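Structure record follows, encoded as structure tokens.
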There are 2 protein chains.
Amino acid sequence: MTTAATATLPQAYDDLIQHVQQANLLGSSGSLLGWDQETLMPSKGLAHRARQLAQLARLTHQMGTDPRIAGWLETCEGSDAVTTDPHSEPAVNIRELREAYDKATKLPESLVVEISETTSQAKHEWAEARKANDFKRFEPWLEKVVALNLRKAECYGWAADGEPWDALADSFESGMTAAQVAGVFVPLRERLVGLLDEVRAAAEAGKGPSNAFNELKLPIDQQKAFVTFVAKAIGFDFDRGRLDTSTHPFCGGTHCNDVRLTTRFHEDNVNDALGSTMHECGHGIYEQGLLEQHIGTPMGQSVGLSIHESQSRMWENQVGRSRAFWSWCFPKLRDFFGDAVAGLDEEQVYGGANIVAPGLIRVEADEATYNMHIMIRFELERALLKGDLAVADLPAAWNSRYKEYLGVEVPSDTKGCLQDIHWAMGAMGYFPTYTMGNLYAAQFFEQAREELGDLDAMFARGEFAPLRGWLNENIHAHGKRYKSAELCEKITGKPLSADPLMRHLEGKLRPLYA
Amino acid sequence: MTTAATATLPQAYDDLIQHVQQANLLGSSGSLLGWDQETLMPSKGLAHRARQLAQLARLTHQMGTDPRIAGWLETCEGSDAVTTDPHSEPAVNIRELREAYDKATKLPESLVVEISETTSQAKHEWAEARKANDFKRFEPWLEKVVALNLRKAECYGWAADGEPWDALADSFESGMTAAQVAGVFVPLRERLVGLLDEVRAAAEAGKGPSNAFNELKLPIDQQKAFVTFVAKAIGFDFDRGRLDTSTHPFCGGTHCNDVRLTTRFHEDNVNDALGSTMHECGHGIYEQGLLEQHIGTPMGQSVGLSIHESQSRMWENQVGRSRAFWSWCFPKLRDFFGDAVAGLDEEQVYGGANIVAPGLIRVEADEATYNMHIMIRFELERALLKGDLAVADLPAAWNSRYKEYLGVEVPSDTKGCLQDIHWAMGAMGYFPTYTMGNLYAAQFFEQAREELGDLDAMFARGEFAPLRGWLNENIHAHGKRYKSAELCEKITGKPLSADPLMRHLEGKLRPLYA
């Protein structure tokens with residue numbers, strides 16, 4: 001049907017697509033500069049880099065708000081060739097470009113530049129503050145970020161019964177509101193609390209997996225070689241991407257053929273390096289799975305952050321923390337680390353990768369407590385934006401919630417409210433997409449298992465291509481064809497639910513803590 | 001006087017400067033993408049990178065040819081505040097921006113884009129052809145490059161008694177013509193041939209330095225640590241720059257505070273790694289020595305390629321191959337390479353760094369024969385552009401000249417006409433600036449020695465700051481204030497001559513081969 005429609009597409013469609021591709025091309029240059037800033041840039045290059053990024057953001061914003069776009073969109077929206085099939089390539093592109101254009105034109109260029117310049121500097125101040133455990137250094141920058149986010153929210157607007165957070169979250173997950181998120185998080189928390197109580201009781205009774213795997217010190221060079229091997233094995237394509245090191249792991253890049261992952265290493269935590277790497281590989285495999293012919297248009301872009309996160313979480317948790325994965329991977333440990341892992345058995349390694357213990361650091365958290373970290377951030381950023389919490393009071397509020405929800409004392413802001421880069425990057429309304437991603441990951445994975453058969457047997461043989469292919473076909477190749485809720489219904493036949501994630505966690509943790 | 005002039009500068013001057021800074025800012029983003037392409041980019045990212053670079057080249061070219069510039073320039077050229085002192089900041093900026101604008105507006109945008117796209121691809125094809133010793137693979141791309149250069153030359157035009165080469169060379173060294181270059185190269189060659197004859201006779205008689213230093217195999221990790229130490233010691237600032245690895249060493253970057261050097265390593269050639277590193281450090285120290293307040297304007301740009309090369313050559317040769325340098329550096333070898341260098345004495349190392357022997361590879365050539373490599377390239381590119389030589393006949397012409405001038409048989413195109421990236425990058429008329437750089441380096445260095453006193457004693461103590469400071473003050477800080485010939489007269493009181501270089505070479509080589 002796309003072919004029939006293409007035959008009578010208006011010239012405006014071609015003009016629009018070409019224009020949008022140019023805007024995205026320019027944006028992709030900014031992406032490389034951003035990646036370089038986080039990985040390689042010399043420290044004193046910062047001021048110039050901020051100017052470069054601000055200029056590219058300004059030029060990209062100018063292209064994305066070109067007044068000709070309004071005319072092209074109107075012509076296309078009036079064309080049957082575009083609109084007849086709502087899931088056809090032109091219909092999807094026009095629908096998404098309309099949303100993006102309306103959103104972009106609501107922000108004045110001066111605000112876009114101010115946000116880019118401020119967050120470029122704020123990221124640097126955050127990194128220094130984190131290093132020095134000096135929240136006061138970051139405080140004025142976070143105040144600026146909150147104020148800019150409020151100005152942004154006011155430009156976008158929110159529903160009468162909503163709040164500023166909703167306006168910001170919509171950019172990361174179309175239609176998500178704080179009230180809705182709270183509505184999903186509460187029942188999830190209740191079931192999760194029950195499971196965590198069981199686990200805690202078992203742990204106090206001396207049951208649960210061995211920690212031996214996590215007590216090893218392994219040289220960073222060997223860890224690098226090991227995680228690179230795993231990244232290749234699960235299917236991240238190094239001819240079309242890279243894996244480097246940064247303070248906070250992320251997935252960047254410029255194109256499906258140039259995807260830049262980062263991870264991080266600590267001598268005493270190979271699990272963190274592996275988990276971070278497999279997580280970012282999930283993002284990277286999604287980006288590499290977008291169709292080249294659609295790059296630069298919505299049909300060649302990911303659905304949104306929740307679905308993106310479902311991919312990273314699935315490779316990190318459903319795959320990387322499974323017994324089947326370790327039955328393939330355990331012998332490889334000997335290849336990379338030699339005698340240092342000689343005393344371990346497979347059960348200790350599988351168990352060690354799945355220890356549940358409340359902790360301070362989100363990115364080091366286990367699958368079960370992870371969502372608690374997200375809930376805290378969600379509550380705090382919601383309060384910051386509502387004006388219910390002053391930035392100066394953030395450390396105290398952070399620390400008291402960690403005590404209340406996770407039972408841990410926060411010893412320093414470095415390990416507390418300075419641990420994440422997100423707010424420094426200007427991203428508020430973003431964190432909940434992580435837990436949404438966990439929920440989608442579990443639901444998609446149950447479906448993949450149903451359709452592909454014995455995934456465990458495949459993983460145990462080191463065969464990851466069937467799962468990757470299934471994700472490519474069902475998710476990646478569609479770009480933005482479906483909204484996330486629609487995609488979930490289409491793939492799994494059901495709306496998103498907490499059940500698959502809870503089944504996954506209960507099915508794994510109850511035996512481990514029996 | 002700059003202050004007085006500034007007081008009455010026309011508004012057009014501020015408008016022009018601001019516009020030019022924006023154009024250069026955008027260009028600097030392209031520079032980072034170019035650096036990344038040579039050092040880190042995954043192989044399949046090439047096509048997208050070519051589109052990114054073409055877009056940035058197009059946008060930068062558009063900004064550089066904005067018709068408003070003509071009006072601003074005319075207003076400024078009519079303003080006494082600008083023109084009274086020809087070496088004042090505004091006078092220099094306007095003079096140079098006029099030259100650049102006239103040059104830029106002679107090239108149609110379509111040609112600029114075509115050159116960028118073609119050379120981006122040609123560089124890749126060159127790298128593959130070089131790897132595979134497959135000139136036929138590169139041949140069609142070199143044909144395209146020659147054709148594009150001829151179109152470029154036609155746009156610029158050349159004097160009635162000149163030739164296309166002149167039009168291209170002018171971009172690298174203002175005013176340089178093929179006839180002039182030939183006029184300098186011939187006397188240099190005559191004196192050099194005499195010296196090389198002496199050296200050859202001595203070598204045949206069994207005299208000359210020991211080769212022991214060059215027969216070592218040293219681990220690349222240790223070489224990296226060693227050359228990084230030397231780069232820091234001579235004053236390349238790693239807070240404002242990086243040193244990475246690429247096939248062909250170069251100096252790139254985006255700003256005086258973000259200078260990107262590359263070097264290369266072979267286990268059996270630490271001299272190459274050290275020489276390449278000190279060479280690129282010379283370029284990098286120049287870039288880091290430009291004044292931050294002038295960045296983005298001609299006053300914050302280097303004079304031209306010959307002067308740039310004079311800086312790299314001086315650190316590589318006048319400093320890095322001197323007896324004084326090695327009397328400081330020799331003990332360091334033990335620190336970095338341990339027992340692997342235990343059998344060497346200082347004389348063997350100094351001598352080993354100064355062996356004169358005709359060879360195949362320009363960037364591995366000694367100081368004395370180096371200029372022969374340049375003469376061959378100059379003659380060949382001149383012939384390609386004149387139509388006297390077909391691209392298909394290049395390997396044969398290359399090989400026969402190497403036999404004739406240097407007495408060596410070229411065993412493969414990889415070690416022959418495929419060794420350099422320059423033509424693949426589209427740069428024709430560029431090579432002679434290397435030998436011009438050698439001549440300037442020798443003449444400047446004699447002057448520095450006269451003004452600073454016992455440079456050798458300083459080097460022997462590891463003190464490189466006085467020379468670096470002298471270069472900063474006399475050359476780097478001036479940006480484009482003086483043209484190269486004028487700068488040479490201003491600093492040394494004399495026009496450029498082959499005498500200092502020959503004194504330098506004879507003074508070193510005659511004792512070594514006595």
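As shown in the structure tokens, the chain order sets the letters A, B, ...; within each chain, residues go from 1, and ligands are also counted from 1 in the order they appear.
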I want to know what sits within 7 Å of stretch 304-319 of chain B, based on only C-alpha atoms, with residues of the same chain fewer than 2 positions away left out; could you give that as a ChimeraX atom specification?
/B:172-173,275,278-283,286,302,321-322,325,433-434,436-438,440-441,484
For chain A against chain B, which residues fall within 7 Å using only C-alpha atoms, given as an MDAnalysis selection string?
chainID A and resid 25:26 29 42:45 52 238:242 257:258
File dump, residues just selected, N, CA and C atoms, as a JSON list (two decimals), in the first residue's frame:
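Saved to part05.json:
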```
[["chain", "number", "residue", "atom", "x", "y", "z"],
["A", 25, "LEU", "N", 20.53, 15.59, 9.83],
["A", 25, "LEU", "CA", 21.96, 15.43, 9.51],
["A", 25, "LEU", "C", 22.79, 16.40, 10.35],
["A", 26, "LEU", "N", 22.33, 17.64, 10.41],
["A", 26, "LEU", "CA", 23.05, 18.64, 11.21],
["A", 26, "LEU", "C", 23.02, 18.26, 12.69],
["A", 29, "SER", "N", 25.64, 15.81, 13.68],
["A", 29, "SER", "CA", 26.98, 16.36, 13.92],
["A", 29, "SER", "C", 27.08, 16.83, 15.37],
["A", 42, "PRO", "N", 39.62, 17.33, 25.74],
["A", 42, "PRO", "CA", 40.46, 17.88, 26.81],
["A", 42, "PRO", "C", 39.66, 18.87, 27.66],
["A", 43, "SER", "N", 40.00, 18.92, 28.95],
["A", 43, "SER", "CA", 39.15, 19.64, 29.91],
["A", 43, "SER", "C", 38.97, 21.11, 29.53],
["A", 44, "LYS", "N", 40.03, 21.74, 29.03],
["A", 44, "LYS", "CA", 39.89, 23.18, 28.74],
["A", 44, "LYS", "C", 39.18, 23.47, 27.42],
["A", 45, "GLY", "N", 38.78, 22.43, 26.73],
["A", 45, "GLY", "CA", 38.02, 22.63, 25.50],
["A", 45, "GLY", "C", 36.56, 22.94, 25.74],
["A", 52, "GLN", "N", 30.13, 25.59, 20.27],
["A", 52, "GLN", "CA", 29.85, 24.76, 19.07],
["A", 52, "GLN", "C", 28.47, 24.11, 19.18],
["A", 238, "PHE", "N", 30.51, -4.00, 15.55],
["A", 238, "PHE", "CA", 31.62, -3.04, 15.74],
["A", 238, "PHE", "C", 32.09, -2.42, 14.43],
["A", 239, "ASP", "N", 31.62, -2.91, 13.30],
["A", 239, "ASP", "CA", 31.89, -2.19, 12.05],
["A", 239, "ASP", "C", 30.96, -0.98, 11.93],
["A", 240, "ARG", "N", 29.93, -0.98, 12.76],
["A", 240, "ARG", "CA", 28.97, 0.13, 12.71],
["A", 240, "ARG", "C", 28.83, 0.78, 14.09],
["A", 241, "GLY", "N", 29.88, 0.67, 14.89],
["A", 241, "GLY", "CA", 29.80, 1.29, 16.20],
["A", 241, "GLY", "C", 31.07, 1.12, 17.00],
["A", 242, "ARG", "N", 31.11, 1.73, 18.17],
["A", 242, "ARG", "CA", 32.27, 1.68, 19.06],
["A", 242, "ARG", "C", 31.80, 1.49, 20.50],
["A", 257, "ASN", "N", 24.71, 3.41, 11.30],
["A", 257, "ASN", "CA", 26.02, 2.84, 10.98],
["A", 257, "ASN", "C", 27.16, 3.44, 11.79],
["A", 258, "ASP", "N", 26.83, 4.25, 12.77],
["A", 258, "ASP", "CA", 27.88, 4.85, 13.62],
["A", 258, "ASP", "C", 27.29, 5.09, 15.00]]
```
Could you give me, as a list in words, the residues within 9 Å of A:Ile295, counting only C-alpha atoms and dropping anything in the same chain fewer than 3 positions from it?
Gln21, Asn24, His255, Cys256, Leu290, Leu291, Glu292, Pro298, Met299, Gly300 and Gln301 of chain A
Taking 5 positions as the minimum chain separation for residues in the same chain, which residues sit within 12 Å of A:Arg323 when counting only C-alpha atoms? Answer as a ChimeraX atom specification.
/A:317-318,328-330,346-354,455-460,507-509,511-512
Would you put the residues from that selection into a file with N, CA and C atoms, as a PDB file, in the first residue's frame?
```pdb
ATOM      1  N   ASN A 317      18.995  -7.677  31.630  1.00  0.00           N
ATOM      2  CA  ASN A 317      18.368  -8.482  32.683  1.00  0.00           C
ATOM      3  C   ASN A 317      17.796  -9.808  32.195  1.00  0.00           C
ATOM      4  N   GLN A 318      16.847  -9.728  31.261  1.00  0.00           N
ATOM      5  CA  GLN A 318      16.216 -10.974  30.812  1.00  0.00           C
ATOM      6  C   GLN A 318      17.257 -11.904  30.190  1.00  0.00           C
ATOM      7  N   TRP A 328      26.251 -20.480  29.071  1.00  0.00           N
ATOM      8  CA  TRP A 328      27.149 -20.232  27.923  1.00  0.00           C
ATOM      9  C   TRP A 328      28.381 -19.424  28.341  1.00  0.00           C
ATOM     10  N   CYS A 329      28.176 -18.421  29.161  1.00  0.00           N
ATOM     11  CA  CYS A 329      29.231 -17.434  29.422  1.00  0.00           C
ATOM     12  C   CYS A 329      30.223 -17.885  30.490  1.00  0.00           C
ATOM     13  N   PHE A 330      29.781 -18.757  31.394  1.00  0.00           N
ATOM     14  CA  PHE A 330      30.664 -19.118  32.501  1.00  0.00           C
ATOM     15  C   PHE A 330      32.032 -19.635  32.041  1.00  0.00           C
ATOM     16  N   GLU A 346      29.606 -22.291  38.304  1.00  0.00           N
ATOM     17  CA  GLU A 346      28.608 -21.581  37.519  1.00  0.00           C
ATOM     18  C   GLU A 346      27.488 -21.029  38.399  1.00  0.00           C
ATOM     19  N   GLU A 347      27.093 -21.813  39.384  1.00  0.00           N
ATOM     20  CA  GLU A 347      26.006 -21.396  40.265  1.00  0.00           C
ATOM     21  C   GLU A 347      26.372 -20.123  41.034  1.00  0.00           C
ATOM     22  N   GLN A 348      27.637 -20.037  41.445  1.00  0.00           N
ATOM     23  CA  GLN A 348      28.085 -18.850  42.181  1.00  0.00           C
ATOM     24  C   GLN A 348      28.051 -17.594  41.303  1.00  0.00           C
ATOM     25  N   VAL A 349      28.385 -17.792  40.027  1.00  0.00           N
ATOM     26  CA  VAL A 349      28.415 -16.645  39.129  1.00  0.00           C
ATOM     27  C   VAL A 349      26.990 -16.208  38.779  1.00  0.00           C
ATOM     28  N   TYR A 350      26.154 -17.161  38.427  1.00  0.00           N
ATOM     29  CA  TYR A 350      24.748 -16.845  38.142  1.00  0.00           C
ATOM     30  C   TYR A 350      24.094 -16.206  39.367  1.00  0.00           C
ATOM     31  N   GLY A 351      24.321 -16.788  40.522  1.00  0.00           N
ATOM     32  CA  GLY A 351      23.764 -16.231  41.754  1.00  0.00           C
ATOM     33  C   GLY A 351      24.329 -14.849  42.040  1.00  0.00           C
ATOM     34  N   GLY A 352      25.644 -14.717  41.860  1.00  0.00           N
ATOM     35  CA  GLY A 352      26.289 -13.426  42.147  1.00  0.00           C
ATOM     36  C   GLY A 352      25.774 -12.308  41.267  1.00  0.00           C
ATOM     37  N   ALA A 353      25.347 -12.650  40.060  1.00  0.00           N
ATOM     38  CA  ALA A 353      24.799 -11.639  39.146  1.00  0.00           C
ATOM     39  C   ALA A 353      23.367 -11.261  39.520  1.00  0.00           C
ATOM     40  N   ASN A 354      22.795 -11.984  40.478  1.00  0.00           N
ATOM     41  CA  ASN A 354      21.383 -11.786  40.801  1.00  0.00           C
ATOM     42  C   ASN A 354      21.117 -11.526  42.283  1.00  0.00           C
ATOM     43  N   LEU A 455      14.139 -20.232  24.139  1.00  0.00           N
ATOM     44  CA  LEU A 455      15.198 -19.211  24.138  1.00  0.00           C
ATOM     45  C   LEU A 455      16.353 -19.609  25.044  1.00  0.00           C
ATOM     46  N   ASP A 456      16.032 -20.244  26.179  1.00  0.00           N
ATOM     47  CA  ASP A 456      17.095 -20.633  27.117  1.00  0.00           C
ATOM     48  C   ASP A 456      18.099 -21.569  26.459  1.00  0.00           C
ATOM     49  N   ALA A 457      17.582 -22.519  25.694  1.00  0.00           N
ATOM     50  CA  ALA A 457      18.487 -23.451  25.010  1.00  0.00           C
ATOM     51  C   ALA A 457      19.367 -22.696  24.020  1.00  0.00           C
ATOM     52  N   MET A 458      18.784 -21.719  23.363  1.00  0.00           N
ATOM     53  CA  MET A 458      19.580 -20.924  22.411  1.00  0.00           C
ATOM     54  C   MET A 458      20.671 -20.145  23.141  1.00  0.00           C
ATOM     55  N   PHE A 459      20.293 -19.445  24.198  1.00  0.00           N
ATOM     56  CA  PHE A 459      21.289 -18.656  24.950  1.00  0.00           C
ATOM     57  C   PHE A 459      22.408 -19.575  25.461  1.00  0.00           C
ATOM     58  N   ALA A 460      22.017 -20.752  25.919  1.00  0.00           N
ATOM     59  CA  ALA A 460      23.020 -21.667  26.478  1.00  0.00           C
ATOM     60  C   ALA A 460      24.025 -22.095  25.412  1.00  0.00           C
ATOM     61  N   GLY A 507       9.881 -15.491  39.591  1.00  0.00           N
ATOM     62  CA  GLY A 507      10.339 -16.778  39.067  1.00  0.00           C
ATOM     63  C   GLY A 507      11.833 -16.978  39.245  1.00  0.00           C
ATOM     64  N   LYS A 508      12.570 -15.891  39.247  1.00  0.00           N
ATOM     65  CA  LYS A 508      14.016 -16.005  39.422  1.00  0.00           C
ATOM     66  C   LYS A 508      14.420 -15.935  40.891  1.00  0.00           C
ATOM     67  N   LEU A 509      13.879 -14.966  41.617  1.00  0.00           N
ATOM     68  CA  LEU A 509      14.387 -14.701  42.974  1.00  0.00           C
ATOM     69  C   LEU A 509      13.920 -15.724  44.001  1.00  0.00           C
ATOM     70  N   PRO A 511      13.429 -19.033  43.798  1.00  0.00           N
ATOM     71  CA  PRO A 511      14.349 -20.186  43.904  1.00  0.00           C
ATOM     72  C   PRO A 511      15.725 -19.790  44.450  1.00  0.00           C
ATOM     73  N   LEU A 512      16.226 -18.620  44.024  1.00  0.00           N
ATOM     74  CA  LEU A 512      17.560 -18.222  44.479  1.00  0.00           C
ATOM     75  C   LEU A 512      17.598 -17.971  45.985  1.00  0.00           C
TER      76      LEU A 512
END
```
Identify, with DSSP run on backbone atoms, the residues in stretch 178-211 of chain A assigned to alpha helix (DSSP H), and express the list as a list in words.
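The alpha helix (DSSP H) subset of stretch 178-211 of chain A is Ala178, Ala179, Gln180, Val181, Ala182, Gly183, Val184, Phe185, Val186, Pro187, Leu188, Arg189, Glu190, Arg191, Leu192, Val193, Gly194, Leu195, Leu196, Asp197, Glu198, Val199, Arg200, Ala201, Ala202, Ala203 and Glu204 of chain A.
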Skip B:Ala392 itself and residues of its chain fewer than 3 positions away, then list as a count of residues only all residues within 10 Å of it, counting only C-alpha atoms.
10
Which residues are near B:Arg191? Cut-off 10 Å, only C-alpha atoms, ignore same chain within fewer than 3 positions. Put them as a ChimeraX atom specification.
/B:186-188,194-196,498-499,502
Prev. selection, N, CA and C atoms, output as a CSV table (one decimal), in the first residue's frame:
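Result file is again20.csv:
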```csv
chain,number,residue,atom,x,y,z
B,186,VAL,N,66.1,24.2,-6.8
B,186,VAL,CA,67.3,23.8,-7.6
B,186,VAL,C,68.6,24.1,-6.9
B,187,PRO,N,68.8,25.4,-6.4
B,187,PRO,CA,70.1,25.6,-5.7
B,187,PRO,C,70.2,24.8,-4.4
B,188,LEU,N,69.1,24.6,-3.7
B,188,LEU,CA,69.1,23.7,-2.5
B,188,LEU,C,69.5,22.3,-2.9
B,194,GLY,N,75.8,17.7,-3.0
B,194,GLY,CA,77.2,17.7,-2.6
B,194,GLY,C,77.4,17.1,-1.2
B,195,LEU,N,76.5,17.5,-0.3
B,195,LEU,CA,76.6,17.0,1.1
B,195,LEU,C,76.3,15.5,1.1
B,196,LEU,N,75.3,15.1,0.4
B,196,LEU,CA,74.9,13.7,0.3
B,196,LEU,C,76.0,12.8,-0.3
B,498,ALA,N,68.8,29.4,1.7
B,498,ALA,CA,69.1,28.0,1.9
B,498,ALA,C,70.2,27.9,2.9
B,499,ASP,N,71.0,29.0,3.2
B,499,ASP,CA,72.2,28.9,4.0
B,499,ASP,C,72.0,28.3,5.4
B,502,MET,N,71.5,24.5,5.3
B,502,MET,CA,72.7,23.8,4.9
B,502,MET,C,73.7,23.9,6.0
```
Please provide the set of residues having any atom within 7 Å of stretch 375-385 of chain B, restricted to only C-alpha atoms, with same-chain residues fewer than 5 positions apart removed, written as number ranges by chain.
B: 146, 150, 164-165, 390-391, 401, 428, 431-432
Would you export the selected residues with C-alpha atoms as a PDB file, in the first residue's frame, please?
```pdb
ATOM      1  CA  VAL B 146      42.990  15.948 -10.335  1.00  0.00           C
ATOM      2  CA  LEU B 150      41.821  21.694 -12.278  1.00  0.00           C
ATOM      3  CA  PRO B 164      47.302  25.623 -12.806  1.00  0.00           C
ATOM      4  CA  TRP B 165      49.541  24.518  -9.936  1.00  0.00           C
ATOM      5  CA  ALA B 390      48.369  10.561 -16.848  1.00  0.00           C
ATOM      6  CA  VAL B 391      47.199   9.271 -13.457  1.00  0.00           C
ATOM      7  CA  ARG B 401      62.269   9.243 -10.082  1.00  0.00           C
ATOM      8  CA  MET B 428      47.756  19.578  -4.563  1.00  0.00           C
ATOM      9  CA  PHE B 431      53.976  19.377  -0.560  1.00  0.00           C
ATOM     10  CA  PRO B 432      56.569  22.130  -1.237  1.00  0.00           C
TER      11      PRO B 432
END
```
Give the strand (DSSP E or B) residues of stretch 220-441 of chain B, as assigned by DSSP on the backbone, as a PDB file with N, CA and C atoms, in the first residue's frame.
```pdb
ATOM      1  N   GLY B 241      44.565  19.631  24.787  1.00  0.00           N
ATOM      2  CA  GLY B 241      44.785  18.848  23.584  1.00  0.00           C
ATOM      3  C   GLY B 241      44.895  17.366  23.878  1.00  0.00           C
ATOM      4  N   ARG B 242      44.993  16.576  22.836  1.00  0.00           N
ATOM      5  CA  ARG B 242      45.097  15.121  22.945  1.00  0.00           C
ATOM      6  C   ARG B 242      46.165  14.620  21.975  1.00  0.00           C
ATOM      7  N   LEU B 243      46.610  13.388  22.243  1.00  0.00           N
ATOM      8  CA  LEU B 243      47.508  12.700  21.317  1.00  0.00           C
ATOM      9  C   LEU B 243      46.930  11.316  21.069  1.00  0.00           C
ATOM     10  N   ASP B 244      46.561  11.018  19.840  1.00  0.00           N
ATOM     11  CA  ASP B 244      45.985   9.713  19.494  1.00  0.00           C
ATOM     12  C   ASP B 244      46.782   9.081  18.353  1.00  0.00           C
ATOM     13  N   THR B 245      46.243   8.016  17.819  1.00  0.00           N
ATOM     14  CA  THR B 245      46.938   7.252  16.791  1.00  0.00           C
ATOM     15  C   THR B 245      46.139   7.286  15.488  1.00  0.00           C
ATOM     16  N   CYS B 251      47.874  17.066  12.762  1.00  0.00           N
ATOM     17  CA  CYS B 251      47.431  17.945  13.837  1.00  0.00           C
ATOM     18  C   CYS B 251      46.083  18.522  13.434  1.00  0.00           C
ATOM     19  N   GLY B 252      45.058  18.240  14.222  1.00  0.00           N
ATOM     20  CA  GLY B 252      43.736  18.780  13.961  1.00  0.00           C
ATOM     21  C   GLY B 252      43.214  19.458  15.203  1.00  0.00           C
ATOM     22  N   GLY B 253      41.899  19.481  15.323  1.00  0.00           N
ATOM     23  CA  GLY B 253      41.296  20.087  16.507  1.00  0.00           C
ATOM     24  C   GLY B 253      40.351  21.201  16.133  1.00  0.00           C
ATOM     25  N   THR B 254      39.866  21.893  17.153  1.00  0.00           N
ATOM     26  CA  THR B 254      38.775  22.844  16.925  1.00  0.00           C
ATOM     27  C   THR B 254      39.088  24.242  17.420  1.00  0.00           C
ATOM     28  N   HIS B 255      40.153  24.405  18.228  1.00  0.00           N
ATOM     29  CA  HIS B 255      40.337  25.659  18.953  1.00  0.00           C
ATOM     30  C   HIS B 255      41.706  25.580  19.625  1.00  0.00           C
ATOM     31  N   ASP B 258      41.677  23.072  22.254  1.00  0.00           N
ATOM     32  CA  ASP B 258      41.297  21.694  21.926  1.00  0.00           C
ATOM     33  C   ASP B 258      42.036  21.280  20.663  1.00  0.00           C
ATOM     34  N   VAL B 259      43.316  20.978  20.831  1.00  0.00           N
ATOM     35  CA  VAL B 259      44.200  20.655  19.707  1.00  0.00           C
ATOM     36  C   VAL B 259      44.419  19.148  19.698  1.00  0.00           C
ATOM     37  N   ARG B 260      44.169  18.518  18.568  1.00  0.00           N
ATOM     38  CA  ARG B 260      44.226  17.056  18.485  1.00  0.00           C
ATOM     39  C   ARG B 260      45.393  16.613  17.610  1.00  0.00           C
ATOM     40  N   LEU B 261      46.381  16.012  18.250  1.00  0.00           N
ATOM     41  CA  LEU B 261      47.516  15.461  17.510  1.00  0.00           C
ATOM     42  C   LEU B 261      47.334  13.968  17.336  1.00  0.00           C
ATOM     43  N   THR B 262      47.876  13.450  16.253  1.00  0.00           N
ATOM     44  CA  THR B 262      47.973  11.997  16.148  1.00  0.00           C
ATOM     45  C   THR B 262      49.417  11.631  15.815  1.00  0.00           C
ATOM     46  N   THR B 263      49.773  10.415  16.198  1.00  0.00           N
ATOM     47  CA  THR B 263      51.074   9.884  15.822  1.00  0.00           C
ATOM     48  C   THR B 263      50.872   8.424  15.450  1.00  0.00           C
TER      49      THR B 263
END
```
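From atom CA of B:Asp170 back to atom CA of B:Thr75, the distance works out to 26.4 Å.
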Among the residues B:Ile421, B:Ala54, B:Ala442, B:Val184, the one that comes closest to B:Thr247 [using only C-alpha atoms]:
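Among the listed residues, the smallest separation from B:Thr247 belongs to B:Ile421.
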Residue nearest A:Lys494 among A:Val181, A:Tyr402, A:Cys417, A:Gln443 (counting only C-alpha atoms):
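The closest residue to A:Lys494 is A:Gln443.
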Calculate how many Å separate atom CA of A:Ala324 from atom CA of A:Gln223, rounding to one decimal.
21.1 Å
